[in-house]
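Participant: upload_36.cif is reproduced below (mmCIF, C-alpha atoms and all ligand atoms).
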```cif
data_input
loop_
_atom_site.label_atom_id
_atom_site.label_comp_id
_atom_site.auth_asym_id
_atom_site.auth_seq_id
_atom_site.Cartn_x
_atom_site.Cartn_y
_atom_site.Cartn_z
CA MET A 1 -89.35 48.52 132.97
CA SER A 2 -91.48 47.89 129.89
CA THR A 3 -94.76 49.63 129.08
CA ARG A 4 -97.54 47.07 128.94
CA ILE A 5 -100.65 48.10 127.07
CA LEU A 6 -103.96 46.28 127.09
CA GLY A 7 -105.50 46.54 123.61
CA ILE A 8 -109.23 46.19 122.99
CA GLU A 9 -110.76 45.72 119.52
CA SER A 10 -114.47 45.47 118.64
CA SER A 11 -114.87 47.35 115.35
CA CYS A 12 -116.45 44.58 113.29
CA ASP A 13 -117.08 40.90 114.00
CA GLU A 14 -114.12 39.99 116.20
CA THR A 15 -114.02 40.68 119.93
CA ALA A 16 -110.34 40.85 120.79
CA ALA A 17 -108.02 41.75 123.65
CA ALA A 18 -104.24 41.55 123.91
CA VAL A 19 -101.31 42.70 126.02
CA VAL A 20 -98.25 44.03 124.19
CA ALA A 21 -95.04 45.25 125.83
CA ASP A 22 -93.33 48.35 124.37
CA GLY A 23 -95.38 48.03 121.20
CA ARG A 24 -93.33 45.01 120.13
CA GLU A 25 -93.64 41.91 122.35
CA ILE A 26 -97.00 40.16 122.26
CA LEU A 27 -97.61 38.82 125.78
CA SER A 28 -101.09 37.56 124.89
CA SER A 29 -103.64 37.88 122.09
CA VAL A 30 -107.18 36.54 122.33
CA VAL A 31 -109.73 36.73 119.49
CA ALA A 32 -113.36 35.60 119.73
CA SER A 33 -114.65 35.36 116.16
CA GLN A 34 -118.34 35.73 115.34
CA ILE A 35 -118.13 34.03 111.95
CA ASP A 36 -120.51 31.24 112.97
CA ILE A 37 -123.16 33.80 113.94
CA HIS A 38 -122.99 35.84 110.71
CA ARG A 39 -122.47 32.90 108.32
CA LYS A 40 -126.14 32.19 107.72
CA TYR A 41 -126.66 35.82 106.64
CA GLY A 42 -123.68 35.79 104.26
CA GLY A 43 -122.18 38.89 105.92
CA VAL A 44 -121.83 40.76 109.20
CA VAL A 45 -125.17 41.80 110.76
CA PRO A 46 -124.35 44.95 112.80
CA GLU A 47 -127.01 44.44 115.49
CA LEU A 48 -125.94 40.85 116.13
CA ALA A 49 -122.28 41.91 116.18
CA SER A 50 -122.91 44.47 118.95
CA ARG A 51 -124.82 41.97 121.06
CA GLU A 52 -122.09 39.36 120.69
CA HIS A 53 -119.35 41.87 121.61
CA LEU A 54 -121.31 42.62 124.76
CA ARG A 55 -121.34 38.93 125.64
CA GLN A 56 -117.66 38.36 124.84
CA ILE A 57 -115.83 41.50 125.94
CA VAL A 58 -115.43 40.70 129.65
CA PRO A 59 -114.26 37.07 129.27
CA VAL A 60 -111.97 37.96 126.34
CA VAL A 61 -110.19 40.72 128.30
CA ARG A 62 -109.95 38.45 131.35
CA GLU A 63 -108.41 35.69 129.22
CA ALA A 64 -105.88 38.08 127.64
CA LEU A 65 -104.72 39.21 131.10
CA MET A 66 -104.54 35.65 132.37
CA GLN A 67 -102.46 34.51 129.40
CA ALA A 68 -100.09 37.44 129.96
CA GLY A 69 -99.85 36.48 133.66
CA MET A 70 -101.09 39.91 134.71
CA LYS A 71 -103.71 41.61 136.81
CA LEU A 72 -105.66 44.63 135.59
CA SER A 73 -103.65 46.82 137.96
CA ASP A 74 -100.39 45.79 136.20
CA VAL A 75 -101.50 47.39 132.93
CA ASP A 76 -99.82 50.74 132.11
CA ALA A 77 -102.45 51.97 129.65
CA ILE A 78 -105.53 50.83 127.78
CA GLY A 79 -105.70 51.18 124.00
CA VAL A 80 -109.08 50.91 122.33
CA THR A 81 -110.26 51.06 118.71
CA GLN A 82 -112.14 54.33 118.15
CA GLY A 83 -112.95 53.70 114.46
CA PRO A 84 -113.47 53.14 111.61
CA GLY A 85 -116.01 50.36 111.97
CA LEU A 86 -119.59 49.59 112.95
CA VAL A 87 -120.76 52.19 115.44
CA GLY A 88 -122.65 49.82 117.74
CA ALA A 89 -119.76 47.37 117.73
CA LEU A 90 -117.16 50.07 118.44
CA LEU A 91 -119.21 51.44 121.34
CA VAL A 92 -118.94 48.16 123.24
CA GLY A 93 -115.12 48.18 123.27
CA ILE A 94 -114.94 51.93 123.87
CA THR A 95 -117.38 51.85 126.79
CA TYR A 96 -115.57 48.94 128.39
CA GLY A 97 -112.15 50.50 127.81
CA LYS A 98 -113.31 53.83 129.23
CA THR A 99 -114.80 52.17 132.29
CA LEU A 100 -111.61 50.20 132.99
CA ALA A 101 -109.44 53.29 132.53
CA GLN A 102 -111.64 55.30 134.89
CA ALA A 103 -111.91 52.63 137.56
CA LEU A 104 -108.18 51.86 137.51
CA GLY A 105 -106.96 55.42 137.01
CA LYS A 106 -105.02 54.40 133.88
CA PRO A 107 -104.48 56.37 130.66
CA LEU A 108 -106.85 55.62 127.77
CA VAL A 109 -105.40 55.69 124.24
CA PRO A 110 -107.76 56.03 121.25
CA VAL A 111 -106.56 53.97 118.27
CA ASN A 112 -107.45 54.08 114.59
CA HIS A 113 -108.21 50.51 113.44
CA LEU A 114 -106.27 51.08 110.20
CA GLU A 115 -103.19 52.19 112.11
CA GLY A 116 -103.57 48.90 113.95
CA HIS A 117 -103.33 47.03 110.63
CA VAL A 118 -100.10 48.91 109.84
CA HIS A 119 -98.65 47.93 113.22
CA ALA A 120 -99.59 44.28 112.66
CA VAL A 121 -96.88 44.30 109.98
CA PHE A 122 -94.30 45.75 112.40
CA LEU A 123 -95.20 43.20 115.10
CA GLU A 124 -94.55 40.38 112.66
CA ALA A 125 -91.34 41.94 111.35
CA HIS A 126 -90.06 42.31 114.91
CA LYS A 127 -90.80 38.62 115.61
CA ALA A 128 -88.77 37.71 112.54
CA GLY A 129 -85.91 40.03 113.55
CA ARG A 130 -86.54 42.27 110.55
CA ALA A 131 -87.17 46.01 110.34
CA ALA A 132 -89.29 47.63 107.65
CA ARG A 133 -87.54 50.67 106.24
CA LEU A 134 -89.61 53.81 105.78
CA PRO A 135 -91.04 55.54 103.83
CA ALA A 136 -93.19 52.59 102.83
CA VAL A 137 -96.35 52.04 100.88
CA CYS A 138 -98.95 50.15 102.90
CA LEU A 139 -101.89 48.31 101.34
CA ILE A 140 -104.66 47.55 103.82
CA VAL A 141 -106.98 45.05 102.23
CA SER A 142 -109.84 43.38 104.10
CA GLY A 143 -113.59 42.83 104.02
CA GLY A 144 -114.18 46.47 104.94
CA HIS A 145 -111.20 48.28 103.42
CA THR A 146 -108.99 48.48 100.37
CA VAL A 147 -106.76 51.49 100.82
CA LEU A 148 -103.19 52.54 100.03
CA TYR A 149 -101.17 54.77 102.36
CA GLU A 150 -97.73 56.23 102.34
CA VAL A 151 -96.22 55.63 105.79
CA LYS A 152 -93.43 57.92 106.98
CA THR A 153 -91.78 58.89 110.22
CA GLU A 154 -89.74 61.79 111.46
CA GLY A 155 -87.73 59.66 113.86
CA ALA A 156 -85.30 56.98 112.73
CA ASN A 157 -86.19 53.30 112.98
CA ALA A 158 -89.79 53.84 114.06
CA GLN A 159 -90.47 50.15 114.45
CA GLU A 160 -87.95 49.83 117.27
CA THR A 161 -88.39 53.20 118.97
CA GLY A 162 -92.19 53.47 118.85
CA ALA A 163 -91.98 56.86 117.11
CA LYS A 164 -95.27 58.25 115.85
CA LEU A 165 -95.89 57.55 112.17
CA ASN A 166 -97.41 59.87 109.56
CA TYR A 167 -99.88 58.67 106.96
CA ARG A 168 -100.96 59.98 103.60
CA LYS A 169 -103.80 58.31 101.75
CA LEU A 170 -102.83 57.54 98.15
CA GLY A 171 -105.90 55.72 96.91
CA GLN A 172 -108.86 53.61 97.99
CA THR A 173 -111.69 51.54 96.64
CA ARG A 174 -114.54 53.48 95.07
CA ASP A 175 -117.01 50.69 95.69
CA ASP A 176 -116.48 47.21 97.19
CA ALA A 177 -113.46 46.24 99.28
CA ALA A 178 -111.48 43.31 97.84
CA GLY A 179 -112.56 41.00 100.70
CA GLU A 180 -116.17 42.00 100.09
CA ALA A 181 -115.76 40.96 96.43
CA TYR A 182 -114.41 37.60 97.61
CA ASP A 183 -117.37 37.18 99.94
CA LYS A 184 -119.95 38.16 97.29
CA VAL A 185 -118.46 35.94 94.57
CA ALA A 186 -118.29 32.99 96.98
CA LYS A 187 -121.92 33.55 97.89
CA LEU A 188 -123.13 33.65 94.30
CA LEU A 189 -121.15 30.48 93.53
CA GLY A 190 -122.65 28.64 96.51
CA LEU A 191 -119.34 28.46 98.37
CA GLY A 192 -120.35 29.91 101.75
CA TYR A 193 -119.02 32.67 103.99
CA PRO A 194 -116.42 34.05 104.40
CA GLY A 195 -115.39 33.69 100.76
CA GLY A 196 -111.67 34.48 100.88
CA PRO A 197 -110.22 31.33 102.44
CA ILE A 198 -112.24 28.86 100.32
CA LEU A 199 -111.71 30.74 97.03
CA ASP A 200 -107.98 30.96 97.85
CA ARG A 201 -107.74 27.16 98.17
CA LEU A 202 -109.97 26.43 95.17
CA ALA A 203 -107.91 28.79 93.01
CA ALA A 204 -104.76 26.93 94.07
CA ALA A 205 -106.43 23.62 93.16
CA ALA A 206 -107.35 25.12 89.78
CA SER A 207 -103.80 25.86 88.75
CA GLY A 208 -103.49 24.66 85.15
CA THR A 209 -107.26 24.67 84.55
CA SER A 210 -108.25 26.87 81.62
CA ALA A 211 -110.31 29.99 82.33
CA PRO A 212 -113.89 29.94 80.92
CA VAL A 213 -113.82 33.76 80.73
CA LYS A 214 -111.16 36.47 80.87
CA PHE A 215 -111.40 39.50 83.14
CA GLY A 216 -109.50 42.60 82.03
CA VAL A 217 -107.69 45.22 84.06
CA THR A 218 -110.01 47.77 85.67
CA LYS A 219 -109.12 51.21 84.30
CA MET A 220 -109.56 54.04 86.79
CA LYS A 221 -110.39 57.55 85.64
CA GLY A 222 -108.82 60.24 87.83
CA ASN A 223 -106.62 58.79 90.57
CA ALA A 224 -104.92 55.71 89.07
CA LEU A 225 -104.17 54.47 92.61
CA ASP A 226 -107.87 54.02 93.39
CA PHE A 227 -109.45 50.56 93.24
CA SER A 228 -112.78 49.18 92.09
CA PHE A 229 -114.02 45.62 92.52
CA SER A 230 -117.76 45.80 91.99
CA GLY A 231 -117.41 45.58 88.18
CA LEU A 232 -115.44 42.36 88.53
CA LYS A 233 -118.04 40.88 90.88
CA THR A 234 -120.80 41.82 88.40
CA ALA A 235 -118.80 40.27 85.53
CA VAL A 236 -118.68 36.98 87.48
CA LEU A 237 -122.42 37.23 88.14
CA TYR A 238 -123.26 37.83 84.44
CA HIS A 239 -120.96 35.04 83.30
CA VAL A 240 -122.68 32.60 85.69
CA ARG A 241 -126.18 33.77 84.65
CA GLU A 242 -125.38 33.48 80.95
CA ASN A 243 -123.99 29.96 81.32
CA GLY A 244 -126.82 27.81 82.63
CA GLU A 245 -124.58 24.81 83.36
CA TYR A 246 -123.29 26.45 86.59
CA GLY A 247 -126.80 26.29 88.11
CA GLU A 248 -126.88 22.62 89.01
CA GLU A 249 -123.53 22.54 90.81
CA ILE A 250 -124.31 25.78 92.69
CA ARG A 251 -127.52 24.16 93.93
CA LYS A 252 -125.60 21.06 95.06
CA ARG A 253 -123.05 23.15 96.95
CA GLU A 254 -125.78 25.19 98.63
CA GLU A 255 -127.35 21.93 99.74
CA ALA A 256 -124.00 20.74 101.12
CA LEU A 257 -123.54 24.05 102.98
CA ALA A 258 -127.04 23.69 104.45
CA HIS A 259 -125.84 20.35 105.89
CA GLY A 260 -122.81 22.04 107.42
CA GLU A 261 -120.44 20.67 104.76
CA ARG A 262 -118.36 23.76 104.11
CA LYS A 263 -114.82 22.39 104.29
CA PHE A 264 -112.53 22.67 101.27
CA GLU A 265 -112.34 18.85 100.99
CA GLN A 266 -116.15 18.65 100.91
CA LEU A 267 -116.68 21.46 98.40
CA LEU A 268 -113.84 20.69 95.99
CA PRO A 269 -115.48 17.52 94.58
CA LEU A 270 -118.63 19.58 93.95
CA CYS A 271 -116.76 22.05 91.72
CA SER A 272 -116.42 21.42 87.97
CA PRO A 273 -113.14 22.32 86.21
CA LYS A 274 -115.04 25.24 84.68
CA THR A 275 -115.91 26.61 88.14
CA LEU A 276 -112.34 26.15 89.32
CA GLY A 277 -111.10 28.00 86.24
CA LEU A 278 -113.57 30.82 86.94
CA VAL A 279 -112.44 31.11 90.56
CA ARG A 280 -108.82 31.18 89.46
CA GLU A 281 -109.51 33.89 86.90
CA PHE A 282 -111.39 35.98 89.49
CA GLN A 283 -108.47 35.69 91.91
CA ASN A 284 -105.94 36.46 89.15
CA ALA A 285 -107.82 39.69 88.44
CA VAL A 286 -107.99 40.74 92.12
CA VAL A 287 -104.35 39.92 92.80
CA ARG A 288 -103.12 41.60 89.61
CA ASP A 289 -105.01 44.77 90.49
CA LEU A 290 -103.82 44.96 94.11
CA VAL A 291 -100.20 44.21 93.24
CA GLU A 292 -99.96 46.51 90.21
CA ARG A 293 -101.39 49.58 91.90
CA THR A 294 -99.31 49.06 95.05
CA LEU A 295 -96.11 48.64 93.06
CA ASN A 296 -96.90 51.67 90.94
CA ALA A 297 -97.38 53.70 94.12
CA ALA A 298 -94.08 52.43 95.58
CA GLU A 299 -92.29 53.32 92.36
CA GLN A 300 -93.81 56.81 92.14
CA LEU A 301 -92.84 57.58 95.74
CA SER A 302 -89.45 55.83 95.71
CA SER A 303 -90.53 53.82 98.75
CA GLU A 304 -88.11 51.63 100.69
CA SER A 305 -90.59 48.84 101.36
CA ILE A 306 -94.11 47.54 100.85
CA LEU A 307 -96.40 46.60 103.74
CA VAL A 308 -99.53 44.47 103.16
CA SER A 309 -102.10 43.96 105.91
CA GLY A 310 -105.77 43.05 106.55
CA GLY A 311 -107.73 39.82 106.09
CA VAL A 312 -107.03 39.47 102.36
CA ALA A 313 -103.26 39.70 103.07
CA ALA A 314 -103.62 36.05 104.12
CA ASN A 315 -104.21 35.14 100.46
CA SER A 316 -101.49 32.79 99.24
CA GLN A 317 -101.47 33.96 95.61
CA LEU A 318 -101.37 37.60 96.70
CA ARG A 319 -98.38 36.89 98.94
CA ALA A 320 -96.52 35.01 96.22
CA ALA A 321 -97.21 37.71 93.62
CA PHE A 322 -96.05 40.50 95.96
CA GLU A 323 -92.87 38.60 96.87
CA GLU A 324 -92.05 38.05 93.22
CA ARG A 325 -92.83 41.55 91.97
CA ALA A 326 -91.23 43.33 94.92
CA LYS A 327 -88.06 41.31 94.52
CA ALA A 328 -87.89 42.23 90.85
CA ALA A 329 -88.33 45.91 91.80
CA GLY A 330 -85.66 45.72 94.53
CA LEU A 331 -88.17 46.35 97.33
CA GLU A 332 -88.70 44.46 100.56
CA VAL A 333 -92.25 43.29 101.24
CA PHE A 334 -93.71 42.64 104.70
CA PHE A 335 -96.86 40.73 105.67
CA PRO A 336 -98.27 39.87 109.08
CA SER A 337 -98.80 36.19 109.92
CA ARG A 338 -102.31 34.95 109.14
CA ALA A 339 -103.34 35.47 112.77
CA LEU A 340 -102.13 39.08 112.73
CA SER A 341 -103.58 39.76 109.23
CA THR A 342 -107.18 39.47 110.34
CA ASP A 343 -108.64 41.67 113.08
CA ASN A 344 -106.91 41.28 116.45
CA ALA A 345 -106.08 43.43 119.47
CA ALA A 346 -102.30 42.94 119.51
CA MET A 347 -102.13 45.36 116.57
CA ILE A 348 -104.30 47.84 118.51
CA ALA A 349 -102.06 47.64 121.60
CA ALA A 350 -98.98 48.09 119.38
CA ALA A 351 -100.45 51.15 117.66
CA ALA A 352 -101.50 52.50 121.08
CA TYR A 353 -97.88 52.43 122.26
CA SER A 354 -96.62 55.06 119.82
CA ARG A 355 -99.66 57.25 120.51
CA PHE A 356 -99.18 56.81 124.27
CA ARG A 357 -95.56 57.93 123.93
CA ALA A 358 -96.67 60.90 121.85
CA GLY A 359 -99.12 61.84 124.64
CA ILE A 360 -102.24 61.22 122.54
CA LEU A 361 -104.78 60.28 125.19
CA ALA A 362 -108.56 60.30 125.45
CA ASP A 363 -110.82 61.28 128.32
CA THR A 364 -114.29 60.05 129.25
CA SER A 365 -115.81 62.00 126.35
CA LEU A 366 -114.28 59.53 123.85
CA ASN A 367 -116.90 58.44 121.30
CA ALA A 368 -116.98 55.98 118.40
CA ASP A 369 -116.16 57.41 114.97
CA PRO A 370 -117.41 54.97 112.30
CA SER A 371 -115.52 56.78 109.51
CA LEU A 372 -112.41 57.91 111.42
CA ALA A 373 -109.69 58.98 108.96
CA LEU A 374 -106.05 57.96 109.36
CA ALA A 375 -103.72 60.95 109.34
O1 LIG A 401 -109.48 41.91 108.33
P1 LIG A 401 -110.67 41.01 108.37
O2 LIG A 401 -110.66 39.88 109.35
O3 LIG A 401 -111.98 41.80 108.73
C1 LIG A 401 -112.34 42.98 108.13
O4 LIG A 401 -112.98 42.92 107.06
O5 LIG A 401 -111.95 44.05 108.69
O6 LIG A 401 -110.89 40.48 106.89
C2 LIG A 401 -111.90 39.58 106.53
C3 LIG A 401 -111.95 39.49 105.02
C4 LIG A 401 -113.11 38.70 104.48
O7 LIG A 401 -113.71 39.41 103.42
C5 LIG A 401 -112.46 37.40 103.97
O8 LIG A 401 -113.17 36.81 102.90
C6 LIG A 401 -111.10 37.89 103.56
O9 LIG A 401 -110.74 38.86 104.52
N1 LIG A 401 -110.09 36.81 103.57
C7 LIG A 401 -109.43 36.40 102.46
C8 LIG A 401 -108.60 35.33 102.87
N2 LIG A 401 -108.79 35.13 104.20
C9 LIG A 401 -109.70 36.06 104.62
N3 LIG A 401 -109.49 36.84 101.20
C10 LIG A 401 -108.71 36.20 100.29
N4 LIG A 401 -107.92 35.16 100.59
C11 LIG A 401 -107.82 34.69 101.86
N5 LIG A 401 -107.04 33.66 102.14
ZN ZN A 402 -109.64 45.21 110.00
#
```
How does the structure come out when it is put into structure tokens?

Facilitator:
Amino acid sequence: MSTRILGIESSCDETAAAVVADGREILSSVVASQIDIHRKYGGVVPELASREHLRQIVPVVREALMQAGMKLSDVDAIGVTQGPGLVGALLVGITYGKTLAQALGKPLVPVNHLEGHVHAVFLEAHKAGRAARLPAVCLIVSGGHTVLYEVKTEGANAQETGAKLNYRKLGQTRDDAAGEAYDKVAKLLGLGYPGGPILDRLAAAASGTSAPVKFGVTKMKGNALDFSFSGLKTAVLYHVRENGEYGEEIRKREEALAHGERKFEQLLPLCSPKTLGLVREFQNAVVRDLVERTLNAAEQLSSESILVSGGVAANSQLRAAFEERAKAAGLEVFFPSRALSTDNAAMIAAAAYSRFRAGILADTSLNADPSLALA
């Protein structure tokens, strides 16, 4: 008989619920995104996020159970994101998870959101019939995080057995997360929110266009596996300010966005070759930085594989660069699908399984921890 865990995720701007069997088989995964609510503010507004989670949590959980063909009483345990994330947003999922666990007399498993992102990679690998060999280096790169971990296990074949994993933080961003840099650069260029998907496509369309400016490698004093993206974002800002000709097209794109024209096909004709070249150069710099530091870490630690997860892992150039560089270094690289890259609850239910098996449970005193560390 399999162990079926209901996962609940509400750490940022996605309300999500999923049922996963034995930490591997996704029986259902439902995500209610709040992008349309936060778009006009150019970023996630915590207060609005909490209110929207409150509206969505009950129907989203109900839908996840229905899609899995289950009743609440069929669930073996409830896994809920404890942190890191926005405190008011986390509290909605935690309170609901706690209430369900209490009312049903089921175990409650507290999950670290970042461990969820690691498990998203394993879920995808399992679907593809692959197994990621450990120790691995895992890059979690999203709108809220850019962090490198070493992932190890004591047991063999952790992906298949659900053995508990051990994590060691190798480096992290000292300022903006990579996704945040995408979002800020898109905003200053009049390309809307979120920035990642549109900049990804514009950069692809710019292939062959010459760069109007060159961005160098960010040197890090101290830990060379740390990241920094705010200098790059500021360099884009200064370049745009110093070159007045960007102003007119930015204004036109902002006008288009105000009319709801935010699709790639609508924005591309409003971008000059110079803008496309700038976007491409920005993306080159981000990708180069993420790939180089991750590969350096893998080399230093003699890792078996590289795992890449989080919203920015959906980036096509990042994927291609990792595939190429990892192959050259004789390493296997693993990504989640796009749906599993961004925040979802299947990854939370999968991470909950290994914790459940290790007997890591929470009681009714469980509270949100906005800066919960992964260890
Ligand atoms: O993991 P996620 O859904 O939420 C958190 O931030 O936790 O990631 C969202 C972030 C946003 O900053 C978005 O701009 C970025 O991921 N993103 C991308 C792409 N798709 C989403 N960045 C670069 N390229 C993409 N294709
Ligand atoms: Zn996330």

Participant: Once you count only C-alpha atoms, which residues end up no further than 10 Å from (-102.2, 58.8, 100.8) in the file's frame, shown as a list of chain:residue names?

Facilitator: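 Looking at atoms near the point gives A:Val137, A:Cys138, A:Val147, A:Leu148, A:Tyr149, A:Glu150, A:Val151, A:Tyr167, A:Arg168, A:Lys169, A:Leu170, A:Gly171, A:Gln172, A:Leu225, A:Ala297, A:Leu374, A:Ala375.
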
Participant: Taking all atoms listed in the file into account, which residues have an atom no farther than 9 Å from ligand LIG 401 (chain A)? I'd like them as a ChimeraX atom specification.

Facilitator: /A:11-14,43,85,113,117,140-145,177-184,186,193-201,283,309-318,338,341-344

Participant: For the residues in the current selection, export C-alpha atoms as a PDB file, keeping the file's coordinate frame.

Facilitator:
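Saved file again30.pdb follows:
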```
ATOM      1  CA  SER A  11    -114.870  47.350 115.350  1.00  0.00           C
ATOM      2  CA  CYS A  12    -116.450  44.580 113.290  1.00  0.00           C
ATOM      3  CA  ASP A  13    -117.080  40.900 114.000  1.00  0.00           C
ATOM      4  CA  GLU A  14    -114.120  39.990 116.200  1.00  0.00           C
ATOM      5  CA  GLY A  43    -122.180  38.890 105.920  1.00  0.00           C
ATOM      6  CA  GLY A  85    -116.010  50.360 111.970  1.00  0.00           C
ATOM      7  CA  HIS A 113    -108.210  50.510 113.440  1.00  0.00           C
ATOM      8  CA  HIS A 117    -103.330  47.030 110.630  1.00  0.00           C
ATOM      9  CA  ILE A 140    -104.660  47.550 103.820  1.00  0.00           C
ATOM     10  CA  VAL A 141    -106.980  45.050 102.230  1.00  0.00           C
ATOM     11  CA  SER A 142    -109.840  43.380 104.100  1.00  0.00           C
ATOM     12  CA  GLY A 143    -113.590  42.830 104.020  1.00  0.00           C
ATOM     13  CA  GLY A 144    -114.180  46.470 104.940  1.00  0.00           C
ATOM     14  CA  HIS A 145    -111.200  48.280 103.420  1.00  0.00           C
ATOM     15  CA  ALA A 177    -113.460  46.240  99.280  1.00  0.00           C
ATOM     16  CA  ALA A 178    -111.480  43.310  97.840  1.00  0.00           C
ATOM     17  CA  GLY A 179    -112.560  41.000 100.700  1.00  0.00           C
ATOM     18  CA  GLU A 180    -116.170  42.000 100.090  1.00  0.00           C
ATOM     19  CA  ALA A 181    -115.760  40.960  96.430  1.00  0.00           C
ATOM     20  CA  TYR A 182    -114.410  37.600  97.610  1.00  0.00           C
ATOM     21  CA  ASP A 183    -117.370  37.180  99.940  1.00  0.00           C
ATOM     22  CA  LYS A 184    -119.950  38.160  97.290  1.00  0.00           C
ATOM     23  CA  ALA A 186    -118.290  32.990  96.980  1.00  0.00           C
ATOM     24  CA  TYR A 193    -119.020  32.670 103.990  1.00  0.00           C
ATOM     25  CA  PRO A 194    -116.420  34.050 104.400  1.00  0.00           C
ATOM     26  CA  GLY A 195    -115.390  33.690 100.760  1.00  0.00           C
ATOM     27  CA  GLY A 196    -111.670  34.480 100.880  1.00  0.00           C
ATOM     28  CA  PRO A 197    -110.220  31.330 102.440  1.00  0.00           C
ATOM     29  CA  ILE A 198    -112.240  28.860 100.320  1.00  0.00           C
ATOM     30  CA  LEU A 199    -111.710  30.740  97.030  1.00  0.00           C
ATOM     31  CA  ASP A 200    -107.980  30.960  97.850  1.00  0.00           C
ATOM     32  CA  ARG A 201    -107.740  27.160  98.170  1.00  0.00           C
ATOM     33  CA  GLN A 283    -108.470  35.690  91.910  1.00  0.00           C
ATOM     34  CA  SER A 309    -102.100  43.960 105.910  1.00  0.00           C
ATOM     35  CA  GLY A 310    -105.770  43.050 106.550  1.00  0.00           C
ATOM     36  CA  GLY A 311    -107.730  39.820 106.090  1.00  0.00           C
ATOM     37  CA  VAL A 312    -107.030  39.470 102.360  1.00  0.00           C
ATOM     38  CA  ALA A 313    -103.260  39.700 103.070  1.00  0.00           C
ATOM     39  CA  ALA A 314    -103.620  36.050 104.120  1.00  0.00           C
ATOM     40  CA  ASN A 315    -104.210  35.140 100.460  1.00  0.00           C
ATOM     41  CA  SER A 316    -101.490  32.790  99.240  1.00  0.00           C
ATOM     42  CA  GLN A 317    -101.470  33.960  95.610  1.00  0.00           C
ATOM     43  CA  LEU A 318    -101.370  37.600  96.700  1.00  0.00           C
ATOM     44  CA  ARG A 338    -102.310  34.950 109.140  1.00  0.00           C
ATOM     45  CA  SER A 341    -103.580  39.760 109.230  1.00  0.00           C
ATOM     46  CA  THR A 342    -107.180  39.470 110.340  1.00  0.00           C
ATOM     47  CA  ASP A 343    -108.640  41.670 113.080  1.00  0.00           C
ATOM     48  CA  ASN A 344    -106.910  41.280 116.450  1.00  0.00           C
TER      49      ASN A 344
END
```

Participant: When you look at Ile348 (chain A) with a cut-off of 10 Å (counting only C-alpha atoms), what residues show up, excluding the ones that are within fewer than 2 positions of it in the same chain? I need them as a short mmCIF file (atom, residue, chain, number, x, y, z; two decimals) with C-alpha atoms, in the coordinates of the input.

Facilitator:
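Output contents, as saved in part03.cif:
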```cif
data_model
loop_
_atom_site.label_atom_id
_atom_site.label_comp_id
_atom_site.auth_asym_id
_atom_site.auth_seq_id
_atom_site.Cartn_x
_atom_site.Cartn_y
_atom_site.Cartn_z
CA ILE A 5 -100.65 48.10 127.07
CA LEU A 6 -103.96 46.28 127.09
CA GLY A 7 -105.50 46.54 123.61
CA ILE A 8 -109.23 46.19 122.99
CA GLU A 9 -110.76 45.72 119.52
CA ALA A 16 -110.34 40.85 120.79
CA ALA A 17 -108.02 41.75 123.65
CA ALA A 18 -104.24 41.55 123.91
CA VAL A 19 -101.31 42.70 126.02
CA VAL A 20 -98.25 44.03 124.19
CA GLY A 23 -95.38 48.03 121.20
CA ILE A 78 -105.53 50.83 127.78
CA GLY A 79 -105.70 51.18 124.00
CA VAL A 80 -109.08 50.91 122.33
CA THR A 81 -110.26 51.06 118.71
CA VAL A 109 -105.40 55.69 124.24
CA PRO A 110 -107.76 56.03 121.25
CA VAL A 111 -106.56 53.97 118.27
CA ASN A 112 -107.45 54.08 114.59
CA HIS A 113 -108.21 50.51 113.44
CA LEU A 114 -106.27 51.08 110.20
CA GLU A 115 -103.19 52.19 112.11
CA GLY A 116 -103.57 48.90 113.95
CA HIS A 117 -103.33 47.03 110.63
CA VAL A 118 -100.10 48.91 109.84
CA HIS A 119 -98.65 47.93 113.22
CA ALA A 120 -99.59 44.28 112.66
CA ASP A 343 -108.64 41.67 113.08
CA ASN A 344 -106.91 41.28 116.45
CA ALA A 345 -106.08 43.43 119.47
CA ALA A 346 -102.30 42.94 119.51
CA ALA A 350 -98.98 48.09 119.38
CA ALA A 351 -100.45 51.15 117.66
CA ALA A 352 -101.50 52.50 121.08
CA TYR A 353 -97.88 52.43 122.26
#
```

Participant: So, with all atoms listed in the file as the atoms that count, which of A:Ser10, A:Asn284, A:Asn367, A:Ser73 lies closest to ligand ZN 402 (chain A)?

Facilitator: A:Ser10

Participant: Give the answer as one residue: which of A:Ile26, A:Thr146, A:Ala125, A:Ala373 has the shortest atom-to-atom distance to ligand ZN 402 (chain A), using all atoms listed in the file?

Facilitator: A:Thr146

Participant: Could you pull the residues within 10 Å of Leu65 (chain A), counting all atoms listed in the file, minus those fewer than 5 positions along the same chain, as an mmCIF file with C-alpha atoms, in the frame of the given file?

Facilitator:
```cif
data_model
loop_
_atom_site.group_PDB
_atom_site.id
_atom_site.type_symbol
_atom_site.label_atom_id
_atom_site.label_comp_id
_atom_site.auth_asym_id
_atom_site.auth_seq_id
_atom_site.Cartn_x
_atom_site.Cartn_y
_atom_site.Cartn_z
ATOM 1 C CA LEU A 6 -103.960 46.280 127.090
ATOM 2 C CA ALA A 17 -108.020 41.750 123.650
ATOM 3 C CA ALA A 18 -104.240 41.550 123.910
ATOM 4 C CA VAL A 19 -101.310 42.700 126.020
ATOM 5 C CA LEU A 27 -97.610 38.820 125.780
ATOM 6 C CA SER A 28 -101.090 37.560 124.890
ATOM 7 C CA SER A 29 -103.640 37.880 122.090
ATOM 8 C CA VAL A 30 -107.180 36.540 122.330
ATOM 9 C CA PRO A 59 -114.260 37.070 129.270
ATOM 10 C CA VAL A 60 -111.970 37.960 126.340
ATOM 11 C CA MET A 70 -101.090 39.910 134.710
ATOM 12 C CA LYS A 71 -103.710 41.610 136.810
ATOM 13 C CA LEU A 72 -105.660 44.630 135.590
ATOM 14 C CA ASP A 74 -100.390 45.790 136.200
ATOM 15 C CA VAL A 75 -101.500 47.390 132.930
#
```
